[in-house]
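Everything below belongs to coords-v9.cif, which stores mmCIF, C-alpha atoms and all ligand atoms.
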```cif
data_entry
loop_
_atom_site.label_atom_id
_atom_site.label_comp_id
_atom_site.auth_asym_id
_atom_site.auth_seq_id
_atom_site.Cartn_x
_atom_site.Cartn_y
_atom_site.Cartn_z
CA MET A 1 21.15 -86.73 43.47
CA GLY A 2 20.46 -88.95 40.41
CA GLU A 3 22.75 -91.51 38.80
CA SER A 4 24.08 -89.09 36.20
CA TYR A 5 25.22 -86.60 38.84
CA ILE A 6 28.81 -87.48 39.57
CA PRO A 7 30.02 -85.62 42.64
CA LEU A 8 33.21 -83.78 41.91
CA SER A 9 34.83 -85.09 45.06
CA ASP A 10 34.83 -88.62 43.58
CA LEU A 11 36.79 -87.42 40.59
CA ARG A 12 39.21 -85.53 42.76
CA ARG A 13 40.03 -88.70 44.67
CA SER A 14 40.56 -90.72 41.49
CA LEU A 15 43.24 -88.45 40.10
CA ARG A 16 46.66 -89.90 39.50
CA PRO A 17 49.49 -88.63 41.72
CA LEU A 18 52.75 -87.79 40.00
CA SER A 19 56.14 -88.11 41.53
CA VAL A 20 59.59 -86.82 40.66
CA ALA A 21 60.33 -90.33 39.39
CA ASP A 22 57.74 -89.76 36.62
CA ALA A 23 59.84 -86.93 35.26
CA THR A 24 61.55 -88.35 32.22
CA PRO A 25 64.28 -86.17 30.69
CA LEU A 26 63.17 -83.36 28.38
CA VAL A 27 63.51 -84.36 24.74
CA GLN A 28 65.52 -82.08 22.52
CA GLY A 29 63.68 -80.32 19.74
CA PRO A 30 60.00 -79.35 19.52
CA LEU A 31 57.61 -81.07 21.89
CA ALA A 32 54.74 -82.95 20.23
CA ASP A 33 52.21 -85.50 21.41
CA ARG A 34 51.46 -88.84 19.76
CA LEU A 35 49.29 -87.14 17.14
CA GLY A 36 52.03 -84.58 16.39
CA ARG A 37 50.28 -81.74 18.27
CA PRO A 38 52.48 -79.06 19.86
CA LEU A 39 51.76 -77.51 23.28
CA ARG A 40 50.96 -73.81 22.84
CA ASP A 41 48.03 -72.79 24.99
CA LEU A 42 47.57 -73.17 28.75
CA ARG A 43 44.21 -72.54 30.42
CA ILE A 44 44.52 -71.93 34.11
CA SER A 45 41.50 -72.29 36.37
CA VAL A 46 41.98 -70.01 39.36
CA THR A 47 38.84 -70.94 41.28
CA ASP A 48 36.14 -73.62 41.21
CA ARG A 49 33.57 -71.11 42.52
CA CYS A 50 31.16 -69.13 40.39
CA ASN A 51 28.46 -66.59 41.20
CA PHE A 52 26.29 -67.87 38.32
CA ARG A 53 24.45 -71.20 38.16
CA CYS A 54 24.05 -71.65 34.40
CA SER A 55 22.14 -74.90 33.99
CA TYR A 56 24.51 -76.15 31.27
CA CYS A 57 27.56 -75.73 33.49
CA MET A 58 26.84 -75.53 37.25
CA PRO A 59 23.18 -76.47 37.67
CA LYS A 60 21.68 -75.15 40.90
CA GLU A 61 20.28 -78.52 41.93
CA VAL A 62 23.78 -80.01 41.98
CA PHE A 63 25.89 -77.03 43.02
CA ASP A 64 23.67 -75.96 45.90
CA LYS A 65 24.47 -74.87 49.46
CA SER A 66 25.59 -78.38 50.38
CA HIS A 67 28.20 -78.56 47.60
CA VAL A 68 31.71 -78.54 49.00
CA PHE A 69 34.08 -76.32 47.06
CA LEU A 70 37.84 -76.64 47.35
CA PRO A 71 39.35 -75.18 50.53
CA HIS A 72 41.71 -72.26 49.96
CA SER A 73 44.71 -74.37 50.98
CA ALA A 74 44.01 -76.76 48.08
CA LEU A 75 44.21 -74.00 45.48
CA LEU A 76 47.51 -73.31 43.78
CA SER A 77 48.88 -70.05 45.15
CA PHE A 78 49.82 -67.28 42.71
CA GLU A 79 53.49 -68.21 43.16
CA GLU A 80 52.72 -71.86 42.43
CA ILE A 81 50.66 -70.97 39.35
CA THR A 82 53.44 -68.73 38.05
CA ARG A 83 56.10 -71.37 38.64
CA THR A 84 54.01 -74.01 36.86
CA ALA A 85 53.21 -71.62 34.00
CA ARG A 86 56.93 -70.91 33.61
CA ALA A 87 57.55 -74.63 33.05
CA PHE A 88 54.81 -74.71 30.39
CA VAL A 89 56.34 -71.66 28.68
CA ALA A 90 59.72 -73.40 28.55
CA LEU A 91 57.95 -76.22 26.67
CA GLY A 92 56.33 -74.01 24.03
CA VAL A 93 53.26 -72.41 25.59
CA ARG A 94 52.71 -68.90 24.23
CA LYS A 95 49.20 -68.12 25.41
CA LEU A 96 47.77 -68.15 28.92
CA ARG A 97 44.05 -67.94 29.57
CA LEU A 98 42.76 -67.46 33.11
CA THR A 99 39.41 -69.06 33.71
CA GLY A 100 37.38 -70.88 36.35
CA GLY A 101 34.77 -70.96 37.93
CA GLU A 102 34.52 -67.23 37.71
CA PRO A 103 38.15 -65.99 37.70
CA LEU A 104 37.26 -62.48 38.91
CA LEU A 105 36.06 -64.02 42.18
CA ARG A 106 39.67 -64.92 43.04
CA LYS A 107 40.95 -62.24 45.38
CA ASN A 108 43.74 -59.98 44.06
CA LEU A 109 43.72 -61.64 40.65
CA GLU A 110 45.51 -58.56 39.30
CA ARG A 111 48.57 -59.64 41.30
CA LEU A 112 48.62 -63.00 39.48
CA ILE A 113 48.28 -61.23 36.14
CA GLU A 114 51.25 -59.02 37.00
CA MET A 115 53.31 -62.08 37.86
CA LEU A 116 52.34 -63.91 34.65
CA ALA A 117 52.93 -60.78 32.58
CA SER A 118 56.54 -60.78 33.76
CA LEU A 119 57.20 -64.23 32.22
CA ARG A 120 59.10 -64.36 28.94
CA THR A 121 59.35 -66.99 26.20
CA PRO A 122 62.79 -68.54 25.55
CA GLU A 123 63.05 -65.93 22.74
CA GLY A 124 62.47 -63.14 25.28
CA GLN A 125 58.91 -62.31 24.15
CA PRO A 126 56.00 -61.57 26.52
CA LEU A 127 53.08 -64.01 26.53
CA ASP A 128 49.60 -63.49 25.19
CA ILE A 129 47.53 -63.25 28.39
CA THR A 130 43.76 -63.30 28.39
CA LEU A 131 40.83 -64.12 30.64
CA THR A 132 37.36 -65.62 30.27
CA THR A 133 34.73 -64.10 32.54
CA ASN A 134 30.97 -63.97 32.97
CA GLY A 135 31.39 -60.18 33.07
CA SER A 136 29.53 -59.68 36.34
CA LEU A 137 32.49 -57.97 38.05
CA LEU A 138 34.17 -56.61 34.95
CA ALA A 139 32.98 -53.01 35.21
CA ARG A 140 34.61 -52.80 38.65
CA LYS A 141 37.82 -54.58 37.69
CA ALA A 142 38.59 -53.68 34.06
CA GLN A 143 41.05 -50.88 34.79
CA ALA A 144 43.01 -52.83 37.42
CA LEU A 145 43.21 -55.85 35.09
CA LYS A 146 44.49 -53.70 32.25
CA ASP A 147 47.03 -51.99 34.50
CA ALA A 148 48.28 -55.39 35.69
CA GLY A 149 49.10 -56.43 32.12
CA LEU A 150 46.00 -58.23 30.88
CA GLN A 151 45.72 -57.72 27.13
CA ARG A 152 42.19 -58.79 26.29
CA VAL A 153 39.09 -60.53 27.62
CA THR A 154 36.44 -62.96 26.51
CA VAL A 155 33.04 -62.36 28.06
CA SER A 156 30.38 -65.07 28.20
CA LEU A 157 26.92 -63.76 27.36
CA ASP A 158 24.08 -66.02 26.30
CA ALA A 159 21.27 -63.55 25.64
CA LEU A 160 20.46 -59.85 25.37
CA ASP A 161 16.92 -60.27 26.57
CA ASP A 162 17.03 -59.63 30.30
CA ALA A 163 14.47 -62.28 31.24
CA VAL A 164 16.21 -64.96 29.15
CA PHE A 165 19.61 -63.98 30.54
CA ARG A 166 18.42 -64.02 34.16
CA ARG A 167 16.85 -67.45 33.61
CA MET A 168 20.03 -68.84 32.05
CA ASN A 169 22.41 -67.59 34.76
CA ASP A 170 19.80 -68.81 37.26
CA VAL A 171 20.79 -66.27 39.90
CA ASP A 172 18.65 -63.45 38.45
CA PHE A 173 21.69 -61.45 37.35
CA PRO A 174 20.72 -58.53 35.04
CA VAL A 175 22.13 -58.40 31.52
CA ALA A 176 22.70 -54.63 31.79
CA GLU A 177 25.56 -55.17 34.25
CA VAL A 178 27.38 -57.53 31.91
CA LEU A 179 26.92 -55.08 29.02
CA HIS A 180 28.29 -52.38 31.28
CA GLY A 181 31.31 -54.61 32.02
CA ILE A 182 31.92 -55.08 28.29
CA GLU A 183 31.80 -51.30 27.78
CA ALA A 184 34.27 -50.79 30.64
CA ALA A 185 36.65 -53.36 29.12
CA GLN A 186 36.40 -51.57 25.78
CA ALA A 187 37.01 -48.20 27.40
CA VAL A 188 40.25 -49.29 29.07
CA GLY A 189 41.54 -50.95 25.88
CA LEU A 190 41.22 -54.64 26.76
CA ALA A 191 41.07 -55.54 23.08
CA PRO A 192 40.05 -57.33 21.00
CA ILE A 193 37.03 -58.33 23.09
CA LYS A 194 35.31 -61.58 22.29
CA VAL A 195 31.82 -62.48 23.46
CA ASN A 196 30.95 -66.18 23.76
CA MET A 197 27.34 -67.26 23.45
CA VAL A 198 26.47 -70.87 24.23
CA VAL A 199 23.49 -71.72 22.07
CA LYS A 200 20.97 -74.12 23.52
CA ARG A 201 18.13 -75.06 21.21
CA GLY A 202 14.77 -74.17 22.73
CA THR A 203 16.38 -71.99 25.40
CA ASN A 204 18.18 -69.09 23.70
CA ASP A 205 18.33 -69.84 19.96
CA HIS A 206 15.77 -67.05 19.41
CA GLU A 207 18.47 -64.66 20.73
CA LEU A 208 20.86 -65.37 17.84
CA LEU A 209 19.82 -62.48 15.62
CA PRO A 210 19.43 -59.89 18.41
CA MET A 211 22.93 -60.80 19.64
CA ALA A 212 24.41 -60.70 16.12
CA ARG A 213 22.79 -57.32 15.39
CA HIS A 214 23.91 -55.88 18.74
CA PHE A 215 27.60 -56.71 18.26
CA ARG A 216 27.78 -56.15 14.47
CA GLY A 217 30.00 -53.17 13.75
CA SER A 218 31.14 -52.83 17.39
CA GLY A 219 34.63 -54.28 16.90
CA ILE A 220 33.63 -57.07 19.30
CA VAL A 221 33.78 -60.62 17.91
CA LEU A 222 30.68 -62.62 18.81
CA ARG A 223 31.32 -66.35 18.90
CA PHE A 224 28.58 -68.96 18.95
CA ILE A 225 29.42 -72.11 20.91
CA GLU A 226 27.62 -75.38 20.38
CA TYR A 227 26.20 -76.62 23.67
CA MET A 228 28.65 -79.33 24.75
CA ASP A 229 28.44 -82.56 26.70
CA VAL A 230 31.11 -81.53 29.18
CA GLY A 231 30.94 -82.80 32.74
CA ALA A 232 28.28 -85.15 34.03
CA THR A 233 25.75 -82.84 35.60
CA ASN A 234 24.05 -80.84 32.86
CA GLY A 235 21.79 -83.56 31.46
CA TRP A 236 23.08 -82.84 27.93
CA ARG A 237 21.04 -84.02 24.96
CA MET A 238 21.98 -83.89 21.29
CA ASP A 239 18.60 -82.44 20.34
CA GLU A 240 19.43 -79.32 22.37
CA VAL A 241 22.48 -78.62 20.21
CA LEU A 242 22.00 -76.17 17.37
CA PRO A 243 24.56 -77.28 14.75
CA SER A 244 26.76 -74.42 13.53
CA ALA A 245 25.89 -75.23 9.91
CA ARG A 246 22.25 -74.48 10.69
CA LEU A 247 23.17 -71.43 12.75
CA ILE A 248 25.15 -69.85 9.92
CA GLU A 249 22.19 -70.37 7.56
CA LEU A 250 19.97 -68.45 9.97
CA LEU A 251 22.50 -65.62 10.31
CA GLN A 252 23.03 -65.44 6.53
CA ARG A 253 19.34 -64.66 6.07
CA ASP A 254 19.91 -61.44 7.98
CA HIS A 255 23.33 -60.42 6.64
CA ALA A 256 25.66 -61.87 4.01
CA LEU A 257 28.68 -63.59 5.59
CA GLU A 258 31.77 -65.23 4.11
CA ALA A 259 34.20 -67.71 5.67
CA LEU A 260 37.70 -66.53 6.56
CA ASP A 261 40.96 -68.46 6.82
CA PRO A 262 42.10 -69.29 10.37
CA ALA A 263 44.23 -66.54 11.93
CA ALA A 264 46.33 -69.02 13.91
CA GLU A 265 46.99 -72.74 14.05
CA GLY A 266 44.87 -74.59 16.60
CA GLU A 267 42.19 -71.88 16.65
CA THR A 268 38.95 -73.09 18.24
CA ALA A 269 36.59 -70.85 16.27
CA GLU A 270 35.82 -70.96 12.58
CA ARG A 271 35.90 -67.31 11.48
CA TRP A 272 33.34 -65.58 9.27
CA ARG A 273 33.03 -61.93 8.27
CA TYR A 274 30.16 -59.70 7.24
CA VAL A 275 30.59 -59.04 3.52
CA ASP A 276 29.67 -55.36 3.98
CA GLY A 277 32.45 -54.77 6.54
CA GLY A 278 30.36 -55.14 9.73
CA GLY A 279 33.12 -57.18 11.40
CA GLU A 280 33.67 -60.81 12.30
CA ILE A 281 31.86 -63.62 14.05
CA GLY A 282 33.11 -67.06 15.15
CA LEU A 283 31.60 -70.54 15.32
CA ILE A 284 32.86 -73.04 17.87
CA SER A 285 31.50 -76.37 16.68
CA SER A 286 33.04 -78.86 19.03
CA VAL A 287 30.03 -81.17 18.78
CA THR A 288 29.32 -81.27 15.04
CA GLN A 289 32.78 -80.47 13.64
CA ALA A 290 35.34 -81.62 16.16
CA PHE A 291 38.73 -79.95 15.98
CA CYS A 292 40.81 -82.30 18.16
CA ARG A 293 43.41 -82.71 15.43
CA ASP A 294 44.62 -79.15 15.98
CA CYS A 295 44.27 -79.09 19.77
CA ASN A 296 47.35 -77.50 21.32
CA ARG A 297 45.73 -76.75 24.70
CA ALA A 298 46.45 -78.01 28.18
CA ARG A 299 44.39 -77.19 31.25
CA LEU A 300 45.63 -76.60 34.76
CA SER A 301 42.89 -77.13 37.33
CA THR A 302 42.35 -74.98 40.39
CA GLU A 303 44.23 -77.44 42.57
CA GLY A 304 47.06 -78.03 40.13
CA ARG A 305 45.98 -81.05 38.10
CA LEU A 306 46.98 -81.15 34.48
CA PHE A 307 44.13 -82.11 32.16
CA LEU A 308 44.77 -82.74 28.48
CA CYS A 309 41.20 -82.54 27.28
CA LEU A 310 38.04 -80.71 28.29
CA PHE A 311 36.36 -84.12 28.31
CA ALA A 312 38.99 -85.92 30.38
CA SER A 313 38.12 -87.87 33.48
CA ASN A 314 41.64 -87.97 34.89
CA GLY A 315 44.22 -85.33 35.60
CA HIS A 316 47.89 -85.47 36.58
CA ASP A 317 48.82 -84.04 39.95
CA LEU A 318 51.41 -81.32 39.36
CA ARG A 319 50.74 -79.68 42.73
CA ALA A 320 52.46 -82.54 44.57
CA MET A 321 55.59 -81.80 42.55
CA VAL A 322 55.30 -78.02 42.91
CA ARG A 323 54.84 -78.32 46.69
CA GLY A 324 57.44 -81.08 46.99
CA ALA A 325 61.13 -81.18 46.26
CA ALA A 326 60.95 -81.10 42.46
CA SER A 327 63.11 -78.59 40.60
CA ASP A 328 61.71 -76.42 37.79
CA GLU A 329 63.45 -78.73 35.29
CA GLN A 330 61.84 -81.81 36.82
CA ILE A 331 58.40 -80.19 36.67
CA ALA A 332 58.94 -79.26 33.01
CA ALA A 333 60.21 -82.77 32.26
CA ALA A 334 57.13 -84.32 33.89
CA ILE A 335 54.81 -82.11 31.83
CA ALA A 336 56.74 -82.95 28.67
CA GLY A 337 56.46 -86.66 29.46
CA ILE A 338 52.70 -86.38 29.93
CA TRP A 339 52.25 -84.34 26.74
CA ARG A 340 54.30 -86.78 24.67
CA GLN A 341 51.94 -89.58 25.70
CA ARG A 342 48.81 -87.64 24.76
CA ALA A 343 46.61 -89.29 22.11
CA ASP A 344 43.09 -88.20 23.15
CA ARG A 345 40.57 -86.87 20.63
CA TYR A 346 37.33 -87.19 22.52
CA SER A 347 35.17 -84.92 20.36
CA GLU A 348 36.16 -86.61 17.11
CA LEU A 349 35.42 -90.03 18.54
CA ARG A 350 32.15 -88.79 20.01
CA SER A 351 31.12 -87.56 16.55
CA ALA A 352 31.88 -91.00 15.18
CA VAL A 353 29.65 -92.82 17.67
CA ASP A 354 26.24 -92.02 19.05
CA ALA A 355 26.71 -88.75 20.92
CA ASN A 356 23.88 -89.44 23.35
CA ALA A 357 25.44 -92.81 24.20
CA ALA A 358 28.71 -91.14 25.19
CA GLN A 359 26.88 -89.45 28.07
CA GLY A 360 27.16 -90.91 31.55
CA GLU A 361 30.92 -91.37 31.35
CA ARG A 362 32.80 -89.93 34.30
CA ARG A 363 34.13 -86.58 33.25
CA VAL A 364 35.50 -83.63 35.11
CA GLU A 365 33.22 -80.61 35.46
CA MET A 366 33.89 -77.54 33.33
CA HIS A 367 33.91 -75.05 36.22
CA TYR A 368 36.74 -77.09 37.79
CA ILE A 369 39.09 -77.06 34.79
CA GLY A 370 37.73 -73.98 33.06
CA GLY A 371 36.37 -73.57 29.53
N1 LIG A 401 33.02 -68.02 34.53
C1 LIG A 401 33.72 -67.76 33.32
C2 LIG A 401 32.77 -67.50 32.20
O1 LIG A 401 31.56 -67.50 32.41
O2 LIG A 401 33.23 -67.26 31.08
C3 LIG A 401 34.76 -68.80 32.92
C4 LIG A 401 34.44 -70.24 33.08
S1 LIG A 401 33.15 -70.85 32.05
C5 LIG A 401 33.20 -72.58 32.49
C6 LIG A 401 33.91 -70.80 30.46
C7 LIG A 401 32.99 -70.92 29.27
O3 LIG A 401 32.49 -72.22 29.19
C8 LIG A 401 31.79 -70.00 29.26
O4 LIG A 401 31.75 -69.29 28.04
C9 LIG A 401 30.63 -70.95 29.34
O5 LIG A 401 29.51 -70.46 28.69
C10 LIG A 401 31.20 -72.16 28.63
N2 LIG A 401 30.48 -73.40 28.93
C11 LIG A 401 30.22 -73.94 30.13
N3 LIG A 401 29.52 -75.10 30.00
C12 LIG A 401 29.35 -75.28 28.66
C13 LIG A 401 28.72 -76.29 27.88
N4 LIG A 401 28.09 -77.33 28.44
N5 LIG A 401 28.74 -76.15 26.54
C14 LIG A 401 29.37 -75.11 25.96
N6 LIG A 401 29.99 -74.14 26.63
C15 LIG A 401 29.97 -74.22 27.97
#
```

Do you think you could lay out the structure here as structure tokens?
Amino acid sequence: MGESYIPLSDLRRSLRPLSVADATPLVQGPLADRLGRPLRDLRISVTDRCNFRCSYCMPKEVFDKSHVFLPHSALLSFEEITRTARAFVALGVRKLRLTGGEPLLRKNLERLIEMLASLRTPEGQPLDITLTTNGSLLARKAQALKDAGLQRVTVSLDALDDAVFRRMNDVDFPVAEVLHGIEAAQAVGLAPIKVNMVVKRGTNDHELLPMARHFRGSGIVLRFIEYMDVGATNGWRMDEVLPSARLIELLQRDHALEALDPAAEGETAERWRYVDGGGEIGLISSVTQAFCRDCNRARLSTEGRLFLCLFASNGHDLRAMVRGAASDEQIAAAIAGIWRQRADRYSELRSAVDANAAQGERRVEMHYIGG
């Protein structure tokens, strides 16, 4: 294993434990961090395992047979996730996204969705619950997920060409099965469906137009994600990023597009629509046009660490509180205290310095805290 490959176990040991004593009283009024950002969106990673080995996320050479995944006892149970989520909801969270690893690998995930769907905001409203998946098990699970209370899904799909797709997932998984999963999700009414395509220059940028043409007019929103320097294992290089500005130029040559206003505050994707009514696309430009200023997201790792940024190297141990003697109020107060201290804006700072130079810092892996 080379210098740039930081074993996840090292990071796990370096995480800060939290105690009940850290729980400062909840402030009255709206919760905001040091940059004035509210807490609205919680991403919950339900497993650190994945059945794909996409080189930009869980490269095979690093996450091979000798890699030690978390033992089941380390994972937050469904009850623990629900209790923690309830504390986040009390503080302003309105959207929950289940992710991973591959979330559909977690056994009986429908049960967790049922439990989360029963939560209510302080105003008595249900939450917006969604899930990000690689789609490999979606055809089998779509109906059960819908029945459990899942409203919509985001499916990751990097190419339509079968050979390119199999190479990118690096486990020879056929694209037809993911497309079948998307159809199944559509058929059961998991809507609106979003499809996320990570664009890596020289690897799948020639798939841009085939993907755009395939999803145009389908009601599915295709979103193009700039290849990001998350984690420490993917050997990221700036020259493999296709800037969104260039990407939109290429798409415009095929079909006229116009920019739309954001639908919600803190939205990650810049929205565009086909002028002739063929639907919408999204651009997620976290490398070339950082959107930290609007970030209202927190991330709960598989083993109950709270991460404030996708690019963080440290998390806060909520599991110790959840498994210890802390009351719900103390857990909420601890989360509020952490959020109030938040001042990170990694992507903006990375844009300001040499992006390649920012590599090599210790950062948590994406499959551990979810995308
Ligand atoms: N397994 C699920 C999936 O495939 O959607 C959920 C977890 S995955 C980590 C979440 C998203 O992160 C996927 O859309 C994936 O393509 C994206 N992702 C992972 N590594 C990335 C990177 N280096 N740059 C941009 N997106 C990345």

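Using only C-alpha atoms and all ligand atoms, we find that the residues with an atom at most 7 Å from any atom of ligand LIG 401 (chain A) are Cys50, Tyr56, Cys57, Thr99, Gly100, Gly101, Glu102, Pro103, Thr132, Thr133, Asn134, Val155, Ser156, Asn196, Met197, Val198, Ile225, Glu226, Tyr227, Met228, Asp229, Val230, Asn234, Met366, His367, Gly370 and Gly371 of chain A.
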
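Counting from CA of Arg43 (chain A), the distance to CA of Arg299 (chain A) is 4.7 Å.
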
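Taking CA of Cys295 (chain A) and CA of Pro38 (chain A) as the two end points, the separation is 8.2 Å.
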
* Asked: Which is closer to Glu123 (chain A) than all the others in A:Ser285, A:Thr84, A:Val89, A:Lys107, using only C-alpha atoms?
  ->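 For Glu123 (chain A), the nearest of the candidates is A:Val89.
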
* Pick from A:Ala184, A:Val364, A:Val287, A:Leu208, whichever lies nearest to Asp254 (chain A) using only C-alpha atoms -> A:Leu208

* **Distance in Å - CA of Asp147 (chain A) versus CA of Leu39 (chain A)** =>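 Between CA of Asp147 (chain A) and CA of Leu39 (chain A) the gap is 28.3 Å.
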